[in-house]
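**Student:** Structure below; questions to follow.
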Amino acid sequence: MAWDFSTDPEFQDHLDWLTELMRTEVEPLDHYFRGRSPFDKTDEEVQTHLRRVQQKVKDRGLWACHLKPEMGGMGFGQVKLALMNEILGRSSFGPSVFGNQAPDSGNAEILAHYGNDEQKEQYLRPLLAGEISSCYSMTEPQGGSDPNHFTCTAHRDGDEWVINGEKWFASNYPRAEFLIVMVITNPDVSVYRGSSMMLVPHDAPGLELVRNVGVGGERRGSHSYLRFNECRIPAENLMGPEGAGFKIAQTRLGGGRVHHAMRSVGTARKAFDMMCERALSRETKGTLLAEKQAVQHMIADSWIQIEQFRLQVLHAAWQIDQADTSKARLYIAGVKVATPRVLMDVIFRSMQIHGSLGMSNETPLANMWMMAPTFGVADGPTEVHKDTIAKQVLKGYRPSEGLFPTEHLPAKIEWAQAVMAERIELELMNS
């Protein structure tokens, strides 16, 4: 029987090394280059320091661990990735240091599976090496993430695909070398059979940037509103079979959802650490905050939520490692729903305990708070995943056969009396 919550010593050694690297090498990048992005490959100062730390990760054998060895990674299972990502989640530079940053990680998998040799050489190799950035473009302004309302289409014209329509919130487009775009190639059938994935170069003719959109109070956004005006790309830029776009998207997004949750454990833990430190450092009305019952309850509630969430994420990762995709989907949806709520609750309590300092730009809490609700929208809204959970769970149940529920006490008592009467009679006969 295997039922174990321990980590093997060899991998724990990797985690200890990772923790120390984050403290001594990655955290300085977060603060020194605040406001600058690891995705901007034109920022040579950032890239020089980033490559130095990335090389240490590569030398340790921990680069792009989410990818299989034949794709240039280590082929770690999701449980190992979860344990790594909860440490990386404390840092904005962390994922880029280890080569598993979104959206590049998911796009690399699509290219590895469906790209031709030329595309792999032009895009996948430098993407895996951290030399370029990429963009994933699915949602649309009129339909959000609901593919049933997508209107961005592509039709075949000789040796080319011609794309027309708009895409919304194309994250990382300003810095991307290429995009992977979900389009409708057959509007006469269900979107689940009529959508396709296309590889589009950043400078493809007919691709127009309408504007960049920021999150919260950002003045310079990195999420783009795009318009495709007779945008032409080579026929071979179709990723996978025509009509397989939705299937590819679900495979890609499933991994992204659980990886976001993994990193969110680290983010919540960082806010919690700050909360506890503040409670032990600040006095009001003659006693430490830590001695106030209300503060103690906030700390207890946060600890419980983080522990529950962490175990839920690790269990979802374990389910994925069992290779039962249909079963894992339920658990992935579960962590997706839990992620924004845990983050908002814990970060809010930490902000509250920090008072005005927690609302200011002199701690990371306000920025963390602004990002927390985005996880309720990114990779599909929370409500859609709740629908998925309910439908999956209900498949394991059936309606009661009679007028009253199965656990209706009068019927249960009558059944128990009949069972016990038979047993008593047997005992009497055998005595």
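Identifiers in this document derive from the order of the structure tokens: chains are assigned A, B, ..., residues are numbered from 1 separately in each chain, and ligands are numbered from 1 in order of occurrence.
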Which residues are near Ile248 (chain A)? Cut-off 12 Å, only C-alpha atoms, ignore same chain within fewer than 4 positions. Put them as a compact mmCIF listing (two decimals) with N, CA and C atoms, in the first residue's frame.
**Tutor:**
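What ended up in around.txt:
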# COMPACT_ATOMS: atom_id res chain seq x y z
N GLY A 106 3.63 26.05 -22.32
CA GLY A 106 2.58 25.37 -23.08
C GLY A 106 2.80 25.44 -24.58
N ASN A 107 3.27 26.58 -25.07
CA ASN A 107 3.53 26.73 -26.50
C ASN A 107 4.65 25.80 -26.94
N GLU A 109 5.26 22.85 -25.78
CA GLU A 109 4.69 21.51 -25.92
C GLU A 109 3.95 21.36 -27.24
N ILE A 110 3.19 22.39 -27.64
CA ILE A 110 2.47 22.33 -28.92
C ILE A 110 3.46 22.24 -30.07
N LEU A 111 4.50 23.07 -30.04
CA LEU A 111 5.50 23.03 -31.11
C LEU A 111 6.23 21.69 -31.15
N HIS A 113 5.13 18.79 -30.31
CA HIS A 113 4.26 17.73 -30.81
C HIS A 113 3.87 17.92 -32.27
N TYR A 114 3.64 19.18 -32.68
CA TYR A 114 3.01 19.41 -33.97
C TYR A 114 3.84 20.23 -34.95
N MET A 138 -6.16 33.05 -27.60
CA MET A 138 -7.37 32.25 -27.71
C MET A 138 -8.63 33.11 -27.54
N ILE A 180 0.63 31.41 -30.99
CA ILE A 180 -0.18 30.26 -31.35
C ILE A 180 -1.63 30.68 -31.14
N VAL A 181 -2.40 30.66 -32.23
CA VAL A 181 -3.72 31.28 -32.26
C VAL A 181 -4.78 30.22 -32.54
N MET A 182 -5.87 30.26 -31.78
CA MET A 182 -7.01 29.37 -32.01
C MET A 182 -8.00 30.08 -32.92
N TYR A 192 -16.04 22.35 -31.30
CA TYR A 192 -15.19 21.28 -30.79
C TYR A 192 -14.60 20.44 -31.91
N ARG A 193 -15.15 20.58 -33.12
CA ARG A 193 -14.61 19.89 -34.29
C ARG A 193 -14.21 20.86 -35.39
N SER A 195 -12.54 24.03 -34.88
CA SER A 195 -11.49 25.01 -34.55
C SER A 195 -10.12 24.39 -34.77
N SER A 196 -9.14 25.25 -35.03
CA SER A 196 -7.78 24.78 -35.30
C SER A 196 -6.77 25.72 -34.64
N MET A 197 -5.55 25.23 -34.50
CA MET A 197 -4.45 26.02 -33.95
C MET A 197 -3.49 26.41 -35.07
N MET A 198 -3.07 27.67 -35.08
CA MET A 198 -2.16 28.19 -36.09
C MET A 198 -0.94 28.85 -35.44
N LEU A 238 -0.36 25.31 -39.74
CA LEU A 238 -1.45 24.65 -39.01
C LEU A 238 -0.81 23.69 -38.00
N MET A 239 -1.17 23.82 -36.72
CA MET A 239 -0.63 22.97 -35.67
C MET A 239 -1.56 21.79 -35.44
N GLY A 240 -1.08 20.59 -35.76
CA GLY A 240 -1.92 19.41 -35.62
C GLY A 240 -2.93 19.32 -36.75
N PRO A 241 -3.86 18.37 -36.65
CA PRO A 241 -4.87 18.22 -37.70
C PRO A 241 -5.84 19.39 -37.70
N GLU A 242 -6.39 19.70 -38.87
CA GLU A 242 -7.44 20.70 -38.93
C GLU A 242 -8.64 20.21 -38.12
N GLY A 243 -9.21 21.10 -37.29
CA GLY A 243 -10.35 20.74 -36.46
C GLY A 243 -9.98 20.26 -35.06
N ALA A 244 -8.67 20.17 -34.77
CA ALA A 244 -8.24 19.65 -33.46
C ALA A 244 -7.90 20.77 -32.49
N ARG A 252 -3.35 21.78 -23.44
CA ARG A 252 -2.40 22.82 -23.07
C ARG A 252 -2.84 23.54 -21.80
N LEU A 253 -4.14 23.91 -21.74
CA LEU A 253 -4.63 24.70 -20.62
C LEU A 253 -4.70 23.90 -19.33
N GLY A 254 -4.94 22.58 -19.45
CA GLY A 254 -5.01 21.75 -18.25
C GLY A 254 -3.72 21.82 -17.45
N GLY A 255 -2.58 21.68 -18.15
CA GLY A 255 -1.29 21.79 -17.47
C GLY A 255 -1.07 23.18 -16.90
**Student:** Just asking: which residues within region 30-216 of chain A are strand (DSSP E or B) according to DSSP, as an MDAnalysis selection string?
**Tutor:** chainID A and resid 133:137 140 144 153:157 160:171 176:184 195:201 207:213
**Student:** Grab the residues selected above and save them as a CSV table (one decimal), in the first residue's frame with N, CA and C atoms.
**Tutor:**
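Below is the file that was written, again_5.csv:
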chain,number,residue,atom,x,y,z
A,133,SER,N,10.6,34.9,-26.6
A,133,SER,CA,9.3,34.7,-25.9
A,133,SER,C,8.2,34.4,-26.9
A,134,SER,N,7.1,34.0,-26.4
A,134,SER,CA,5.9,33.6,-27.2
A,134,SER,C,4.6,34.1,-26.7
A,135,CYS,N,3.6,34.0,-27.4
A,135,CYS,CA,2.2,34.4,-27.0
A,135,CYS,C,1.2,33.3,-27.4
A,136,TYR,N,0.2,33.2,-26.5
A,136,TYR,CA,-0.9,32.3,-26.8
A,136,TYR,C,-2.1,33.1,-26.9
A,137,SER,N,-2.8,33.0,-28.0
A,137,SER,CA,-4.0,33.9,-28.3
A,137,SER,C,-5.2,33.0,-28.6
A,140,GLU,N,-11.5,36.1,-27.2
A,140,GLU,CA,-12.0,37.1,-28.2
A,140,GLU,C,-12.8,38.2,-27.4
A,144,GLY,N,-15.1,36.3,-24.9
A,144,GLY,CA,-14.3,35.9,-23.8
A,144,GLY,C,-13.6,34.5,-24.1
A,153,THR,N,-11.8,33.6,-37.9
A,153,THR,CA,-11.8,32.5,-38.8
A,153,THR,C,-10.5,32.4,-39.6
A,154,ALA,N,-10.2,31.3,-40.2
A,154,ALA,CA,-9.2,31.1,-41.1
A,154,ALA,C,-9.7,30.2,-42.3
A,155,HIS,N,-9.4,30.6,-43.5
A,155,HIS,CA,-9.7,29.8,-44.6
A,155,HIS,C,-8.5,29.5,-45.5
A,156,ARG,N,-8.5,28.4,-46.2
A,156,ARG,CA,-7.4,28.0,-47.0
A,156,ARG,C,-7.4,28.6,-48.3
A,157,ASP,N,-6.3,29.2,-48.7
A,157,ASP,CA,-6.2,29.8,-50.1
A,157,ASP,C,-4.9,29.4,-50.7
A,160,GLU,N,-1.6,28.9,-48.5
A,160,GLU,CA,-1.7,29.7,-47.3
A,160,GLU,C,-3.0,29.6,-46.6
A,161,TRP,N,-3.0,30.0,-45.3
A,161,TRP,CA,-4.2,30.2,-44.5
A,161,TRP,C,-4.4,31.7,-44.4
A,162,VAL,N,-5.6,32.1,-44.5
A,162,VAL,CA,-5.9,33.6,-44.4
A,162,VAL,C,-6.8,33.8,-43.1
A,163,ILE,N,-6.3,34.5,-42.2
A,163,ILE,CA,-7.0,34.7,-40.9
A,163,ILE,C,-7.7,36.1,-40.9
A,164,ASN,N,-9.0,36.1,-40.4
A,164,ASN,CA,-9.7,37.4,-40.2
A,164,ASN,C,-10.4,37.3,-38.9
A,165,GLY,N,-10.4,38.4,-38.2
A,165,GLY,CA,-11.1,38.5,-36.9
A,165,GLY,C,-10.3,39.2,-35.8
A,166,GLU,N,-10.7,39.1,-34.6
A,166,GLU,CA,-10.0,39.8,-33.5
A,166,GLU,C,-9.8,38.8,-32.3
A,167,LYS,N,-8.7,39.1,-31.6
A,167,LYS,CA,-8.3,38.4,-30.4
A,167,LYS,C,-8.1,39.3,-29.3
A,168,TRP,N,-8.5,38.9,-28.1
A,168,TRP,CA,-8.4,39.8,-26.9
A,168,TRP,C,-7.5,39.2,-25.9
A,169,PHE,N,-6.8,40.0,-25.1
A,169,PHE,CA,-6.0,39.6,-24.0
A,169,PHE,C,-4.9,38.5,-24.5
A,170,ALA,N,-4.3,38.8,-25.6
A,170,ALA,CA,-3.2,37.9,-26.1
A,170,ALA,C,-1.9,38.2,-25.2
A,171,SER,N,-1.8,37.5,-24.2
A,171,SER,CA,-0.8,37.8,-23.2
A,171,SER,C,0.6,37.7,-23.8
A,176,ALA,N,6.7,38.9,-27.9
A,176,ALA,CA,6.7,37.6,-28.5
A,176,ALA,C,7.3,37.5,-29.9
A,177,GLU,N,8.0,36.5,-30.2
A,177,GLU,CA,8.5,36.2,-31.5
A,177,GLU,C,7.4,35.6,-32.4
A,178,PHE,N,6.5,34.9,-31.8
A,178,PHE,CA,5.4,34.2,-32.5
A,178,PHE,C,4.2,34.0,-31.6
A,179,LEU,N,3.1,33.7,-32.2
A,179,LEU,CA,1.8,33.5,-31.5
A,179,LEU,C,1.3,32.1,-31.9
A,180,ILE,N,0.6,31.4,-31.0
A,180,ILE,CA,-0.2,30.3,-31.4
A,180,ILE,C,-1.6,30.7,-31.1
A,181,VAL,N,-2.4,30.7,-32.2
A,181,VAL,CA,-3.7,31.3,-32.3
A,181,VAL,C,-4.8,30.2,-32.5
A,182,MET,N,-5.9,30.3,-31.8
A,182,MET,CA,-7.0,29.4,-32.0
A,182,MET,C,-8.0,30.1,-32.9
A,183,VAL,N,-8.3,29.4,-34.0
A,183,VAL,CA,-9.2,30.1,-35.0
A,183,VAL,C,-10.3,29.0,-35.5
A,184,ILE,N,-11.4,29.5,-36.1
A,184,ILE,CA,-12.4,28.7,-36.6
A,184,ILE,C,-12.1,28.4,-38.1
A,195,SER,N,-12.5,24.0,-34.9
A,195,SER,CA,-11.5,25.0,-34.6
A,195,SER,C,-10.1,24.4,-34.8
A,196,SER,N,-9.1,25.2,-35.0
A,196,SER,CA,-7.8,24.8,-35.3
A,196,SER,C,-6.8,25.7,-34.6
A,197,MET,N,-5.5,25.2,-34.5
A,197,MET,CA,-4.5,26.0,-34.0
A,197,MET,C,-3.5,26.4,-35.1
A,198,MET,N,-3.1,27.7,-35.1
A,198,MET,CA,-2.2,28.2,-36.1
A,198,MET,C,-0.9,28.9,-35.4
A,199,LEU,N,0.2,28.7,-36.1
A,199,LEU,CA,1.4,29.4,-35.7
A,199,LEU,C,1.5,30.6,-36.5
A,200,VAL,N,1.6,31.8,-35.8
A,200,VAL,CA,1.6,33.1,-36.6
A,200,VAL,C,2.8,33.9,-36.1
A,201,PRO,N,3.7,34.2,-37.0
A,201,PRO,CA,4.9,35.1,-36.7
A,201,PRO,C,4.4,36.4,-36.2
A,207,LEU,N,-1.5,41.4,-39.5
A,207,LEU,CA,-1.7,41.3,-38.0
A,207,LEU,C,-1.5,42.7,-37.4
A,208,GLU,N,-2.5,43.2,-36.8
A,208,GLU,CA,-2.5,44.6,-36.3
A,208,GLU,C,-2.7,44.6,-34.8
A,209,LEU,N,-1.9,45.4,-34.1
A,209,LEU,CA,-2.0,45.6,-32.7
A,209,LEU,C,-3.0,46.8,-32.5
A,210,VAL,N,-4.2,46.5,-31.9
A,210,VAL,CA,-5.1,47.6,-31.7
A,210,VAL,C,-4.7,48.4,-30.5
A,211,ARG,N,-4.3,47.7,-29.4
A,211,ARG,CA,-3.8,48.3,-28.2
A,211,ARG,C,-3.3,47.3,-27.2
A,212,ASN,N,-2.5,47.7,-26.3
A,212,ASN,CA,-2.1,46.8,-25.2
A,212,ASN,C,-2.9,47.1,-23.9
A,213,VAL,N,-3.3,46.1,-23.2
A,213,VAL,CA,-4.1,46.2,-22.1
A,213,VAL,C,-3.4,45.8,-20.8
**Student:** Could you pull out all residues of region 34-281 of chain A with a DSSP call of alpha helix (DSSP H) and give them as a PyMOL selection string?
**Tutor:** chain A and resi 44-60+78-88+94-97+104-114+117-119+125-128+191-194+245-281
**Student:** Have a look at A:Gln319, A:Ser92, A:Gln54, A:Gln47 and name the one nearest to Ile132 (chain A); count only C-alpha atoms.
**Tutor:**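 Nearest to Ile132 (chain A): A:Gln47.
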**Student:** Have a look at A:Asn85, A:Ser37, A:Ser91, A:Phe150 and name the one nearest to Asn186 (chain A); count only C-alpha atoms.
**Tutor:** A:Phe150
**Student:** Please indicate the distance in Å from CA of His66 (chain A) to CA of Thr7 (chain A), rounded to one decimal place.
**Tutor:** 18.2 Å
**Student:** CA of Glu20 (chain A) and CA of Phe5 (chain A) are how many Å apart?
**Tutor:** 22.7 Å
**Student:** What does the distance between CA of Asp59 (chain A) and CA of Gly99 (chain A) come to in Å, to one decimal place?
**Tutor:** 13.1 Å
**Student:** Counting only C-alpha atoms, figure out which residue out of A:Leu289, A:Pro103, A:Ala261, A:Glu414 gets nearest to Ala316 (chain A).
**Tutor:**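 Nearest candidate to Ala316 (chain A) out of A:Leu289, A:Pro103, A:Ala261, A:Glu414: A:Ala261.
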**Student:** Go through A:Pro9, A:Gly75, A:Gly286, A:Pro69 and flag the residue nearest Asp321 (chain A), using only C-alpha atoms for the distances.
**Tutor:** A:Gly75
**Student:** Within 8 Å of Val295 (chain A), counting only C-alpha atoms, which residues show up once you throw out same-chain ones fewer than 4 positions away? Write them as a ChimeraX atom specification, please.
**Tutor:** /A:279,289-291,299,353
**Student:** Once you have the residues from the selection above, write them out as a PDB file, in the first residue's frame, restricted to N, CA and C atoms.
**Tutor:**
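Result written to selection-v3.pdb:
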ATOM      1  N   ALA A 279       2.648  40.258  12.718  1.00  0.00           N
ATOM      2  CA  ALA A 279       1.906  40.058  13.966  1.00  0.00           C
ATOM      3  C   ALA A 279       2.833  40.008  15.175  1.00  0.00           C
ATOM      4  N   LEU A 289       0.215  42.485  18.100  1.00  0.00           N
ATOM      5  CA  LEU A 289      -0.905  42.021  17.279  1.00  0.00           C
ATOM      6  C   LEU A 289      -1.102  40.513  17.443  1.00  0.00           C
ATOM      7  N   ALA A 290      -0.007  39.779  17.600  1.00  0.00           N
ATOM      8  CA  ALA A 290      -0.077  38.326  17.728  1.00  0.00           C
ATOM      9  C   ALA A 290      -0.867  37.885  18.951  1.00  0.00           C
ATOM     10  N   GLU A 291      -1.052  38.789  19.920  1.00  0.00           N
ATOM     11  CA  GLU A 291      -1.789  38.439  21.133  1.00  0.00           C
ATOM     12  C   GLU A 291      -3.273  38.790  21.037  1.00  0.00           C
ATOM     13  N   ILE A 299      -4.662  34.259  11.427  1.00  0.00           N
ATOM     14  CA  ILE A 299      -3.492  33.415  11.171  1.00  0.00           C
ATOM     15  C   ILE A 299      -3.912  31.949  11.080  1.00  0.00           C
ATOM     16  N   ILE A 353      -3.464  43.024   8.404  1.00  0.00           N
ATOM     17  CA  ILE A 353      -2.576  43.024   9.549  1.00  0.00           C
ATOM     18  C   ILE A 353      -1.436  44.035   9.365  1.00  0.00           C
TER      19      ILE A 353
END
**Student:** From the options A:Thr151, A:Pro205, A:Thr139, A:Phe33, which residue's atoms come nearest to Thr185 (chain A), counting only C-alpha atoms?
**Tutor:**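 Residue with the minimum atom-to-atom distance to Thr185 (chain A): A:Thr151.
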